[in-house]
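Trainee: Encoded as C-alpha cells, here's the structure I'll be asking about.
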Amino acid sequence: MTRPQALIIDDEPDIRELLEITLSRMGIDTRSAADVQEAVSALAEQHFDLCLADMRLPDGNGIDIVRHVSAHHPNTPIAMITAHGNMDSAIEALKAGAFDFVSKPVELGVLRQLVETALRLRERDAGAPESREEDCPLLGRSEAMAGLRRMTDKLARSQAPVFITGESGTGKELAARLIHARSPRAEKAFVPVNCGAIPAELMESELFGYVKGSFTGATQDKEGLFQTAHGGTLFLDEVADLPLAMQVKLLRAIQEKRIRPVGATREIDVDVRLISATHKDMQQLVEQGLFRQDLYFRIHVIELAMPPLRAHREDIPLLIEHILARIAGQTGLPKPRLHRDALLALQQYSYPGNVRELENILERASALCEDGMIQREDLGLDEQPAPPRAATGIPDELPEDVPLEAHLNAMERRMIEQALEATRWNRTAAAQRLGLSLRSLRYRMQKLGLSEP
C-alpha cells in the first residue's frame, strides 16, 4: 500500500510545520493549504487519505471545508482543529460531517490517536469486502430497515457521538454494535453500560475506575469502563437514568477527553467513541431539569432513530423465519411450523415490545406447542380475534417443505389483488382499503411482481 497522503489546512505557519513534522514521523506525506480556496484546489488535484483543518481561515472557516469534503470527497475523513474549550464549534463541525476534532494547543498524543483511527478507515476500505444485507444483524427488506443500514454504515465512518432513540425492543444495542463493528475501532473493545442498572453511589468508580486506598475496600487499582473502552466504543444504554451529579463528570470527560479515577491526583487521556441510547423523551427530561441540557447537546450530535416493528410489518415474515431457525439451532429440535391462524395473528399484532417481544412470543410458543405445530393459542395474544377462515383460501396447516415467507407472500399477494380488483385498480383507494401508504403499496406490488392487467 502506498504512503498515506494528508492535507493540512491552517493559516498559521508554526501550526502547519508542527503538524507536518508529526505526520511525517508517522510515515504520512503531507501537503499544506493556508485558506479555503487553496484547500479546495488541492482537493481537486489529488486524493487525500486525511484532512486536518483549522476552524478559522482568512477566507472562511473550517466548516466550509468540512461541507465541501462531505459533498465532494465523502470517503476522505476530515478532522477539525478548534480553539480550546470551544465545544460548540466542535459539535457544529461534527454535525457538518467532520470525522473528529482536536483542540488547540494540539496535544501530539491525541493527534496521533486521531490520525491512526482515520487511517484505519483507509485500510478497511482497501481490504474489507463489501457488506451484504444477509450479513447484517439488522434484518429486513423494508425501506425503513434499508435506510437504517445505510445510516449505520455512514455513522461507522465518523467519530461523532451518536444518540440512538427508539422504543424498547427495537434493537438499539444491536445498531450500536453494528456501528462499532464497521468502524475503524472494530478491533478494540465495545463496552456496553446499562446506566439504569448501576447504583448511583457506584457510578463514578464504575465509569472512571479508582486507585488503591481511595475508599474502604479499594485494595488495588481498578480500571473503569472508560479505560476498558480506550480505543474502542463506549455504549451508554438508558443514558437518561444517569444521576445529575454523574452527568456533570461525564460532560467534562466528553469535552476534555480525559478522566480522573476516584482517588487519583491526575487525569488520564481516554480515546473513546461514545454512543448513547434511551427510549425516554429527553427533551421532556431536560425541560423538567432531570437531565442537563449541555450534556444532552454533547451526546446528541447525530441521532439514529430505530423504527418500531409496526412501522415495517413487511419484515415480520423474515424475522419469524430467522427467529424460529435460531430457536431450532439452540434446542436441537426441528424448526416449528405455524398454523395459519397463528401466522395471521402475528402479522396483525401491534408489538408494543417490538422485535424483542416477537422473539419472546416465538420462544414461548415453541416451548408450548405440540407436535412441532404452533397454534394461535400458543402465542398468548389476546389483542385481535383470528380473522375468518374463508378470508384468504390458505390451508389451516401449512406444508413443511414450503418456506414460511412464500406462504405469507402468497397471502399478501391475494389480499392486494382483492383490494385492487375491488377498486378497479385505483392504487390510492386500494392502499387506503389495506391500511397502507401509497408508497408502501407500490413497493409491495413491485416485490410481488404485480402489475395492472
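Residues are named by chain letter and number: chains run A, B, ... in the order of the C-alpha cells, numbers start at 1 in each chain, and ligands are numbered from 1 in the order shown.
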Running DSSP on the backbone, which parts of region 179-322 of chain A land in strand (DSSP E or B), as a list in words?

Mentor: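 Filtering region 179-322 of chain A down to strand (DSSP E or B) leaves Phe190, Val191, Pro192, Val193, Asn194, Gly209, Tyr210, Lys222, Glu223, Thr233, Leu234, Phe235, Leu236, Asp237, Arg258, Ile259, Val262, Ile268, Asp269, Arg273, Leu274, Ile275, Ser276, Ala277, Thr278, Ile302, Glu303, Leu304 and Ala305 of chain A.
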
Trainee: Could you save the residues just selected, with C-alpha atoms, as a PDB file, in the first residue's frame?

Mentor:
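What landed in selection12.pdb:
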```pdb
ATOM      1  CA  PHE A 190     -17.190  -2.472  22.538  1.00  0.00           C
ATOM      2  CA  VAL A 191     -18.241  -1.792  26.140  1.00  0.00           C
ATOM      3  CA  PRO A 192     -21.997  -1.644  26.861  1.00  0.00           C
ATOM      4  CA  VAL A 193     -23.163   0.040  30.070  1.00  0.00           C
ATOM      5  CA  ASN A 194     -26.731  -0.022  31.364  1.00  0.00           C
ATOM      6  CA  GLY A 209     -12.159   3.454  37.938  1.00  0.00           C
ATOM      7  CA  TYR A 210     -10.335   4.046  41.232  1.00  0.00           C
ATOM      8  CA  LYS A 222      -9.166  -0.831  39.131  1.00  0.00           C
ATOM      9  CA  GLU A 223      -9.760   0.387  35.594  1.00  0.00           C
ATOM     10  CA  THR A 233     -16.606   2.312  21.719  1.00  0.00           C
ATOM     11  CA  LEU A 234     -18.477   3.009  24.954  1.00  0.00           C
ATOM     12  CA  PHE A 235     -22.229   2.402  24.698  1.00  0.00           C
ATOM     13  CA  LEU A 236     -24.275   4.163  27.380  1.00  0.00           C
ATOM     14  CA  ASP A 237     -27.660   2.441  27.288  1.00  0.00           C
ATOM     15  CA  ARG A 258      -9.825  12.918  29.966  1.00  0.00           C
ATOM     16  CA  ILE A 259     -11.000  11.249  33.153  1.00  0.00           C
ATOM     17  CA  VAL A 262     -11.631   8.091  42.100  1.00  0.00           C
ATOM     18  CA  ILE A 268      -5.577  10.405  32.187  1.00  0.00           C
ATOM     19  CA  ASP A 269      -6.326  10.656  28.466  1.00  0.00           C
ATOM     20  CA  ARG A 273     -16.232   6.739  20.660  1.00  0.00           C
ATOM     21  CA  LEU A 274     -19.425   7.468  22.599  1.00  0.00           C
ATOM     22  CA  ILE A 275     -22.804   6.038  21.610  1.00  0.00           C
ATOM     23  CA  SER A 276     -25.821   6.687  23.836  1.00  0.00           C
ATOM     24  CA  ALA A 277     -29.357   5.350  23.766  1.00  0.00           C
ATOM     25  CA  THR A 278     -32.679   5.744  25.522  1.00  0.00           C
ATOM     26  CA  ILE A 302     -26.145  12.720  15.386  1.00  0.00           C
ATOM     27  CA  GLU A 303     -29.441  10.942  16.049  1.00  0.00           C
ATOM     28  CA  LEU A 304     -30.268   7.444  14.838  1.00  0.00           C
ATOM     29  CA  ALA A 305     -33.969   6.631  15.160  1.00  0.00           C
TER      30      ALA A 305
END
```

Trainee: Counting only C-alpha atoms, what is within 12 Å of Leu114 (chain A), bar same-chain residues fewer than 5 positions away, as a ChimeraX atom specification?

Mentor: /A:23,50-52,77-81,99-103,106-109,119-121,158-159,184-185,231,257,270-273

Trainee: Please write the residues from the selection above to a file, keeping N, CA, C and O atoms, as a short mmCIF file (atom, residue, chain, number, x, y, z; two decimals), in the first residue's frame.

Mentor:
```
data_model
loop_
_atom_site.label_atom_id
_atom_site.label_comp_id
_atom_site.auth_asym_id
_atom_site.auth_seq_id
_atom_site.Cartn_x
_atom_site.Cartn_y
_atom_site.Cartn_z
N LEU A 23 3.13 14.28 11.36
CA LEU A 23 2.61 13.29 10.40
C LEU A 23 3.73 12.63 9.61
O LEU A 23 3.65 11.44 9.29
N LEU A 50 -6.60 11.83 4.49
CA LEU A 50 -6.95 12.54 5.72
C LEU A 50 -6.79 14.03 5.51
O LEU A 50 -5.87 14.46 4.82
N CYS A 51 -7.70 14.80 6.10
CA CYS A 51 -7.57 16.26 6.12
C CYS A 51 -7.62 16.75 7.56
O CYS A 51 -8.41 16.25 8.37
N LEU A 52 -6.77 17.73 7.87
CA LEU A 52 -6.80 18.43 9.15
C LEU A 52 -7.04 19.90 8.85
O LEU A 52 -6.24 20.51 8.14
N PRO A 77 -11.79 11.25 5.41
CA PRO A 77 -12.08 11.77 6.75
C PRO A 77 -11.40 13.12 6.97
O PRO A 77 -10.24 13.30 6.60
N ILE A 78 -12.13 14.05 7.56
CA ILE A 78 -11.58 15.38 7.84
C ILE A 78 -11.79 15.69 9.32
O ILE A 78 -12.90 15.53 9.85
N ALA A 79 -10.72 16.09 9.98
CA ALA A 79 -10.78 16.43 11.40
C ALA A 79 -10.62 17.94 11.57
O ALA A 79 -9.88 18.58 10.83
N MET A 80 -11.34 18.48 12.57
CA MET A 80 -11.34 19.91 12.80
C MET A 80 -10.43 20.27 13.96
O MET A 80 -10.40 19.59 14.99
N ILE A 81 -9.65 21.34 13.78
CA ILE A 81 -8.81 21.88 14.85
C ILE A 81 -9.54 23.08 15.43
O ILE A 81 -9.75 24.08 14.74
N PHE A 99 -14.93 14.07 10.75
CA PHE A 99 -14.60 12.77 11.30
C PHE A 99 -14.41 12.86 12.81
O PHE A 99 -14.89 12.02 13.58
N ASP A 100 -13.69 13.89 13.26
CA ASP A 100 -13.40 14.08 14.68
C ASP A 100 -12.86 15.49 14.85
O ASP A 100 -12.80 16.27 13.90
N PHE A 101 -12.44 15.84 16.06
CA PHE A 101 -11.86 17.16 16.30
C PHE A 101 -10.72 17.04 17.29
O PHE A 101 -10.63 16.07 18.05
N VAL A 102 -9.83 18.03 17.27
CA VAL A 102 -8.75 18.12 18.24
C VAL A 102 -8.63 19.59 18.63
O VAL A 102 -8.80 20.48 17.80
N SER A 103 -8.38 19.85 19.91
CA SER A 103 -8.35 21.22 20.41
C SER A 103 -6.94 21.78 20.46
O SER A 103 -5.96 21.04 20.63
N VAL A 106 -2.56 21.79 20.33
CA VAL A 106 -2.68 20.40 19.89
C VAL A 106 -1.75 19.51 20.71
O VAL A 106 -0.54 19.74 20.76
N GLU A 107 -2.34 18.51 21.37
CA GLU A 107 -1.53 17.52 22.09
C GLU A 107 -1.17 16.41 21.11
O GLU A 107 -2.05 15.80 20.51
N LEU A 108 0.11 16.17 20.97
CA LEU A 108 0.57 15.25 19.94
C LEU A 108 0.06 13.83 20.14
O LEU A 108 -0.21 13.12 19.18
N GLY A 109 -0.06 13.40 21.40
CA GLY A 109 -0.58 12.06 21.66
C GLY A 109 -2.01 11.90 21.17
O GLY A 109 -2.36 10.89 20.55
N LEU A 119 -6.75 6.62 9.57
CA LEU A 119 -6.08 5.82 8.55
C LEU A 119 -6.55 4.37 8.54
O LEU A 119 -6.43 3.67 7.53
N ARG A 120 -7.11 3.90 9.66
CA ARG A 120 -7.68 2.55 9.67
C ARG A 120 -8.89 2.48 8.74
O ARG A 120 -9.22 1.40 8.24
N LEU A 121 -9.55 3.62 8.51
CA LEU A 121 -10.63 3.65 7.52
C LEU A 121 -10.07 3.32 6.14
O LEU A 121 -10.70 2.60 5.36
N SER A 158 -17.49 7.86 11.03
CA SER A 158 -17.29 9.08 11.81
C SER A 158 -16.95 8.73 13.25
O SER A 158 -17.12 7.59 13.70
N GLN A 159 -16.42 9.70 13.97
CA GLN A 159 -16.18 9.54 15.41
C GLN A 159 -17.17 10.38 16.23
O GLN A 159 -17.04 10.47 17.45
N PRO A 184 -13.48 2.00 12.19
CA PRO A 184 -12.04 1.72 12.34
C PRO A 184 -11.66 1.30 13.75
O PRO A 184 -10.51 0.94 14.00
N ARG A 185 -12.62 1.33 14.68
CA ARG A 185 -12.37 0.91 16.06
C ARG A 185 -12.76 -0.56 16.29
O ARG A 185 -12.74 -1.04 17.43
N GLY A 231 -9.76 3.34 22.88
CA GLY A 231 -9.52 2.95 21.51
C GLY A 231 -10.73 2.34 20.83
O GLY A 231 -10.73 2.13 19.62
N LYS A 257 -11.83 14.84 26.91
CA LYS A 257 -11.29 13.54 26.53
C LYS A 257 -10.30 13.05 27.58
O LYS A 257 -9.27 12.44 27.27
N VAL A 270 -8.25 9.56 27.51
CA VAL A 270 -9.02 8.41 27.02
C VAL A 270 -9.49 8.70 25.60
O VAL A 270 -9.90 9.82 25.28
N ASP A 271 -9.39 7.69 24.76
CA ASP A 271 -9.83 7.80 23.36
C ASP A 271 -11.02 6.87 23.18
O ASP A 271 -10.84 5.65 23.01
N VAL A 272 -12.22 7.42 23.26
CA VAL A 272 -13.44 6.61 23.26
C VAL A 272 -14.45 7.19 22.29
O VAL A 272 -14.66 8.41 22.26
N ARG A 273 -15.06 6.34 21.47
CA ARG A 273 -16.23 6.74 20.66
C ARG A 273 -17.47 6.52 21.53
O ARG A 273 -17.71 5.42 22.02
#
```

Trainee: Counting only C-alpha atoms, which of A:Ser142, A:Ser205, A:Gln227, A:Ser366 gets nearest to Asp315 (chain A)?

Mentor: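 Nearest to Asp315 (chain A): A:Ser142.
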
Trainee: Which residues come within 9 Å of Leu450 (chain A), counting only C-alpha atoms, excluding same-chain residues fewer than 5 positions away, as a PyMOL selection string?

Mentor: chain A and resi 413+416-417+444-445

Trainee: Can you tell me which residues surround region 35-46 of chain A at a distance of at most 7 Å, considering only C-alpha atoms, apart from same-chain residues fewer than 2 positions away, and format the answer as JSON, numbers by chain?

Mentor: {"A": [9, 10, 11, 33, 48, 57, 58, 59, 60, 65]}

Trainee: Using the selection just defined, write its residues with N, CA, C and O atoms as a compact mmCIF listing (two decimals), in the first residue's frame.

Mentor:
```
# COMPACT_ATOMS: atom_id res chain seq x y z
N ILE A 9 -4.73 22.15 6.56
CA ILE A 9 -5.32 23.44 6.19
C ILE A 9 -5.27 24.36 7.40
O ILE A 9 -6.06 24.20 8.35
N ASP A 10 -4.34 25.30 7.40
CA ASP A 10 -4.18 26.22 8.54
C ASP A 10 -3.40 27.43 8.06
O ASP A 10 -2.43 27.29 7.29
N ASP A 11 -3.78 28.62 8.50
CA ASP A 11 -3.10 29.83 8.05
C ASP A 11 -1.92 30.20 8.94
O ASP A 11 -1.21 31.17 8.66
N ALA A 33 -2.25 23.88 2.93
CA ALA A 33 -3.03 24.96 2.33
C ALA A 33 -3.29 26.00 3.42
O ALA A 33 -3.52 25.65 4.57
N PHE A 48 -6.67 12.57 -1.00
CA PHE A 48 -6.07 12.58 0.33
C PHE A 48 -6.75 11.54 1.21
O PHE A 48 -7.96 11.33 1.12
N LEU A 57 -10.14 30.50 9.17
CA LEU A 57 -9.28 30.68 8.00
C LEU A 57 -9.53 32.07 7.41
O LEU A 57 -10.61 32.64 7.61
N PRO A 58 -8.57 32.63 6.68
CA PRO A 58 -8.71 34.01 6.19
C PRO A 58 -9.93 34.25 5.30
O PRO A 58 -10.55 35.32 5.36
N ASP A 59 -10.31 33.27 4.49
CA ASP A 59 -11.42 33.48 3.55
C ASP A 59 -12.64 32.62 3.87
O ASP A 59 -13.47 32.34 3.02
N GLY A 60 -12.77 32.20 5.12
CA GLY A 60 -13.93 31.40 5.53
C GLY A 60 -13.62 30.69 6.83
O GLY A 60 -12.83 31.17 7.64
N ILE A 65 -14.96 23.95 4.66
CA ILE A 65 -14.15 22.85 4.13
C ILE A 65 -14.81 21.51 4.43
O ILE A 65 -14.85 20.61 3.59
```

Trainee: Considering only C-alpha atoms, can you say which of A:Arg177, A:Lys188, A:Arg298, A:Arg56 comes closest to Phe163 (chain A)?

Mentor: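 Among the listed residues, the smallest separation from Phe163 (chain A) belongs to A:Arg298.
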
Trainee: Which residues, written as a PyMOL selection string, have at least one atom at most 10 Å from Lys280 (chain A), with only C-alpha atoms counted and residues fewer than 6 positions away on the same chain left out?

Mentor: chain A and resi 165-168+238-241

Trainee: Now that the selection is made, can you save its residues with C-alpha atoms as an mmCIF file, in the first residue's frame?

Mentor:
```cif
data_model
loop_
_atom_site.group_PDB
_atom_site.id
_atom_site.type_symbol
_atom_site.label_atom_id
_atom_site.label_comp_id
_atom_site.auth_asym_id
_atom_site.auth_seq_id
_atom_site.Cartn_x
_atom_site.Cartn_y
_atom_site.Cartn_z
ATOM 1 C CA THR A 165 -33.619 6.691 20.035
ATOM 2 C CA GLY A 166 -36.471 4.236 19.826
ATOM 3 C CA GLU A 167 -38.934 2.187 21.791
ATOM 4 C CA SER A 168 -37.816 -0.721 23.959
ATOM 5 C CA GLU A 238 -30.559 4.170 29.091
ATOM 6 C CA VAL A 239 -28.383 7.270 29.455
ATOM 7 C CA ALA A 240 -31.438 9.176 30.718
ATOM 8 C CA ASP A 241 -31.056 7.316 34.031
#
```

Trainee: Measuring atom to atom with only C-alpha atoms, identify which of A:Arg122, A:His73, A:Arg260, A:Arg67 is nearest to Lys95 (chain A).

Mentor: A:Arg67

Trainee: How far is it from CA of Val110 (chain A) to CA of Ala53 (chain A), in Å with one decimal?

Mentor: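 Those two atoms sit 15.5 Å apart.
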
Trainee: Pick out the closest residue to Arg313 (chain A) from this set: A:Ile254, A:Ala328, A:Leu436, A:Ala342. Count only C-alpha atoms.

Mentor: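 Using only C-alpha atoms, Arg313 (chain A) sits closest to A:Leu436.
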
Trainee: So what do you get for CA of Thr219 (chain A) versus CA of Arg266 (chain A), distance-wise?

Mentor: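 CA of Thr219 (chain A) sits 19.4 Å away from CA of Arg266 (chain A).
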
Trainee: Residues near Ile179 (chain A), anyone? I mean within 7 Å using only C-alpha atoms, not counting same-chain ones fewer than 5 positions away, as number ranges by chain.

Mentor: A: 152-153, 155-156

Trainee: Mind checking DSSP for region 213-314 of chain A and telling me the helix (DSSP H, G or I) residues as a VMD selection string?

Mentor: chain A and resid 225 to 228 239 to 241 244 to 256 282 to 287 293 to 299 309 to 314

Trainee: For each of A:Gly213, A:Gly140, A:Gly329, A:Gly372, take the minimum atom-to-atom distance to Pro307 (chain A), counting only C-alpha atoms, then give the residue where this is smallest.

Mentor: A:Gly140

Trainee: Can you work out which one of A:Arg424, A:Asn86, A:Ala34, A:Gly97 has the shortest atom-to-atom distance to Val69 (chain A), counting only C-alpha atoms?

Mentor: A:Gly97
